[in-house]
2 protein chains.
Amino acid sequence: MKTIFSSPSDAEDAYYDAIDEGDLEKMMSVWANSEDVACLLPMRPMVYGRRAIQETWTQLLTPEYRVDISVNHLRWIEQGNVAIHLLEEVVTPVDSNQPQPPIYASNVYCRNGAGWQLLLHLNSPAPPPMPAGVLPPLPGN
Amino acid sequence: MKTIFSSPSDAEDAYYDAIDEGDLEKMMSVWANSEDVACLLPMRPMVYGRRAIQETWTQLLTPEYRVDISVNHLRWIEQGNVAIHLLEEVVTPVDSNQPQPPIYASNVYCRNGAGWQLLLHLNSPAPPPMPAGVLPPLPGN
């Protein structure tokens, strides 16, 4: 039975619960049932389409890769049937117990007849700290 | 006079033309006139809201930071009034003439009474090449 998420934050809670619990079925319940979805995880190529995303998470939601993941909410953007959530993720591999530096995550949800569904998950590194008064570098440098 | 973009690709063309031409007014014509916008450029903190985005581009669209930027289209995702464009950017600083490695870019547009407008621009590094048969690393590592 397909889970229906009545809000984007319900879908997002399920996304992060799925990672914490290593639950592939819960993870895939969050994604739109469509080829028009994409996922970019750190140090991996971007993958498109539900099937490729399921293959990626099948590899990752295993005991070998088990992590604790916590999030800091930065900003919700909502307009009509689209919701964008910007946040920071802090990932701690269970075997090392050493939290990684926070990284940005951006999740884009759309509402349709099947409730709120995830279309896009993107990770980006957060910038290194800068000394005060120094202009940040050029994009692409 | 506010520019109205009748398609998300018209808005996107203006975004990249603005960077090539160092044209702040054109750049700001692409962004929604809202506090609910966000921009993440490489090695910079994410900024939220039209005012902060305008300040960022005011710094960058100057002769000192002039770049040529070219893009490779990866995927369009469209659903109702939202369009997501996934692409690679190749940035070449005009003074060095050395193209940087490609980086991912994701642009999220929304359609409302003012046409198609940019809500979100995010850059993420592309992964380093991996030897064949090697499992990619854990998210966060």
# chains A, B, ... in the order shown; residues from 1 in each chain; ligands from 1
>>> interface_residues(of="chain A", to="chain B", cutoff="6 Å", atoms="only C-alpha atoms", output="PyMOL selection string")
chain A and resi 36+42-45+77+91+124+127+139-140
>>> select_by_dssp(residues="stretch 17-102 of chain B", states="strand (DSSP E)", output="ChimeraX atom specification")
/B:38-40,47-48,67-79,82-93
>>> write_last_selection(atoms="N, CA, C and O atoms", output="compact mmCIF listing (two decimals), in the first residue's frame")
# COMPACT_ATOMS: atom_id res chain seq x y z
N ALA B 38 16.55 31.34 -3.00
CA ALA B 38 17.83 30.98 -2.39
C ALA B 38 18.85 30.67 -3.48
O ALA B 38 18.49 30.21 -4.57
N CYS B 39 20.10 30.92 -3.17
CA CYS B 39 21.18 30.77 -4.14
C CYS B 39 22.41 30.21 -3.44
O CYS B 39 22.85 30.75 -2.42
N LEU B 40 22.93 29.13 -3.98
CA LEU B 40 24.16 28.53 -3.45
C LEU B 40 25.18 28.46 -4.56
O LEU B 40 25.02 27.70 -5.52
N VAL B 47 22.68 31.81 0.34
CA VAL B 47 22.02 33.07 0.69
C VAL B 47 20.54 32.97 0.35
O VAL B 47 20.15 32.30 -0.60
N TYR B 48 19.73 33.65 1.16
CA TYR B 48 18.28 33.58 1.06
C TYR B 48 17.73 34.98 0.83
O TYR B 48 18.19 35.93 1.46
N VAL B 67 33.76 36.08 -16.11
CA VAL B 67 33.95 34.69 -16.55
C VAL B 67 33.19 34.45 -17.85
O VAL B 67 32.23 35.15 -18.17
N ASP B 68 33.64 33.45 -18.59
CA ASP B 68 32.80 32.83 -19.61
C ASP B 68 32.18 31.60 -18.96
O ASP B 68 32.87 30.85 -18.26
N ILE B 69 30.90 31.40 -19.21
CA ILE B 69 30.25 30.23 -18.62
C ILE B 69 29.50 29.50 -19.72
O ILE B 69 28.81 30.12 -20.53
N SER B 70 29.73 28.18 -19.79
CA SER B 70 28.97 27.39 -20.76
C SER B 70 28.29 26.26 -20.00
O SER B 70 28.72 25.90 -18.89
N VAL B 71 27.19 25.76 -20.56
CA VAL B 71 26.41 24.76 -19.83
C VAL B 71 26.14 23.55 -20.72
O VAL B 71 26.01 23.67 -21.94
N ASN B 72 26.09 22.39 -20.07
CA ASN B 72 25.65 21.15 -20.71
C ASN B 72 24.33 20.74 -20.05
O ASN B 72 24.27 20.60 -18.83
N HIS B 73 23.31 20.57 -20.85
CA HIS B 73 21.99 20.24 -20.31
C HIS B 73 21.95 18.76 -19.94
O HIS B 73 22.34 17.91 -20.75
N LEU B 74 21.50 18.45 -18.75
CA LEU B 74 21.41 17.06 -18.31
C LEU B 74 19.96 16.58 -18.31
O LEU B 74 19.64 15.54 -18.88
N ARG B 75 19.07 17.32 -17.69
CA ARG B 75 17.69 16.83 -17.55
C ARG B 75 16.74 17.98 -17.19
O ARG B 75 17.10 18.82 -16.36
N TRP B 76 15.59 18.02 -17.82
CA TRP B 76 14.49 18.89 -17.39
C TRP B 76 13.47 18.04 -16.67
O TRP B 76 13.09 16.96 -17.15
N ILE B 77 12.98 18.54 -15.56
CA ILE B 77 11.86 17.92 -14.85
C ILE B 77 10.76 18.97 -14.78
O ILE B 77 11.00 20.07 -14.27
N GLU B 78 9.59 18.67 -15.32
CA GLU B 78 8.50 19.65 -15.24
C GLU B 78 7.26 18.98 -14.69
O GLU B 78 6.94 17.85 -15.07
N GLN B 79 6.61 19.68 -13.80
CA GLN B 79 5.35 19.16 -13.24
C GLN B 79 4.49 20.37 -12.90
O GLN B 79 4.81 21.13 -11.97
N VAL B 82 5.95 23.98 -11.85
CA VAL B 82 7.35 23.94 -11.41
C VAL B 82 8.21 23.28 -12.49
O VAL B 82 7.77 22.33 -13.15
N ALA B 83 9.37 23.82 -12.70
CA ALA B 83 10.32 23.24 -13.65
C ALA B 83 11.69 23.21 -12.98
O ALA B 83 12.12 24.20 -12.36
N ILE B 84 12.34 22.08 -13.09
CA ILE B 84 13.67 21.90 -12.50
C ILE B 84 14.62 21.59 -13.65
O ILE B 84 14.36 20.70 -14.45
N HIS B 85 15.69 22.34 -13.74
CA HIS B 85 16.67 22.07 -14.78
C HIS B 85 17.99 21.67 -14.13
O HIS B 85 18.52 22.38 -13.29
N LEU B 86 18.47 20.51 -14.54
CA LEU B 86 19.73 19.98 -14.04
C LEU B 86 20.75 20.10 -15.16
O LEU B 86 20.49 19.66 -16.29
N LEU B 87 21.89 20.65 -14.85
CA LEU B 87 22.88 20.87 -15.90
C LEU B 87 24.28 20.88 -15.30
O LEU B 87 24.45 20.80 -14.08
N GLU B 88 25.26 20.92 -16.17
CA GLU B 88 26.65 21.12 -15.77
C GLU B 88 27.08 22.49 -16.25
O GLU B 88 26.77 22.87 -17.38
N GLU B 89 27.82 23.19 -15.42
CA GLU B 89 28.40 24.47 -15.79
C GLU B 89 29.91 24.31 -15.95
O GLU B 89 30.55 23.65 -15.13
N VAL B 90 30.44 24.92 -16.99
CA VAL B 90 31.89 25.02 -17.13
C VAL B 90 32.25 26.51 -17.12
O VAL B 90 31.80 27.27 -17.99
N VAL B 91 32.99 26.89 -16.09
CA VAL B 91 33.33 28.30 -15.88
C VAL B 91 34.78 28.52 -16.29
O VAL B 91 35.67 27.77 -15.87
N THR B 92 35.01 29.53 -17.10
CA THR B 92 36.37 29.90 -17.51
C THR B 92 36.60 31.37 -17.14
O THR B 92 36.00 32.25 -17.75
N PRO B 93 37.43 31.63 -16.14
CA PRO B 93 37.73 33.02 -15.83
C PRO B 93 38.40 33.68 -17.04
O PRO B 93 39.30 33.09 -17.65
>>> residues_around(residues="A:Trp116", least_positions_apart="3", cutoff="8 Å", atoms="only C-alpha atoms", output="ChimeraX atom specification")
/A:4-8,11,109-112
>>> write_last_selection(atoms="N, CA, C and O atoms", output="short mmCIF file (atom, residue, chain, number, x, y, z; two decimals), in the first residue's frame")
data_model
loop_
_atom_site.label_atom_id
_atom_site.label_comp_id
_atom_site.auth_asym_id
_atom_site.auth_seq_id
_atom_site.Cartn_x
_atom_site.Cartn_y
_atom_site.Cartn_z
N ILE A 4 0.68 7.89 1.63
CA ILE A 4 0.34 9.23 1.14
C ILE A 4 0.82 10.23 2.19
O ILE A 4 0.45 10.13 3.36
N PHE A 5 1.65 11.17 1.77
CA PHE A 5 2.14 12.20 2.70
C PHE A 5 1.30 13.46 2.53
O PHE A 5 1.21 14.01 1.43
N SER A 6 0.70 13.90 3.63
CA SER A 6 -0.22 15.05 3.53
C SER A 6 0.51 16.38 3.67
O SER A 6 -0.11 17.43 3.52
N SER A 7 1.80 16.35 3.94
CA SER A 7 2.59 17.59 3.97
C SER A 7 4.00 17.25 3.52
O SER A 7 4.46 16.10 3.64
N PRO A 8 4.73 18.25 3.00
CA PRO A 8 6.12 17.98 2.62
C PRO A 8 6.98 17.61 3.81
O PRO A 8 7.93 16.82 3.68
N ALA A 11 6.76 13.94 4.42
CA ALA A 11 7.59 13.19 3.47
C ALA A 11 9.06 13.29 3.88
O ALA A 11 9.79 12.29 3.86
N TYR A 109 9.80 19.11 -3.20
CA TYR A 109 8.60 18.27 -3.16
C TYR A 109 7.53 18.88 -4.05
O TYR A 109 7.44 20.11 -4.17
N CYS A 110 6.69 18.03 -4.62
CA CYS A 110 5.53 18.50 -5.38
C CYS A 110 4.29 17.79 -4.85
O CYS A 110 4.36 16.63 -4.43
N ARG A 111 3.16 18.52 -4.89
CA ARG A 111 1.88 17.92 -4.48
C ARG A 111 1.11 17.55 -5.73
O ARG A 111 1.00 18.35 -6.66
N ASN A 112 0.60 16.33 -5.75
CA ASN A 112 -0.32 15.94 -6.82
C ASN A 112 -1.38 15.03 -6.18
O ASN A 112 -1.53 15.02 -4.95
#
>>> select_by_dssp(residues="stretch 11-126 of chain B", states="helix (DSSP H, G or I)", output="ChimeraX atom specification")
/B:11-21,24-30,50-60,63-65
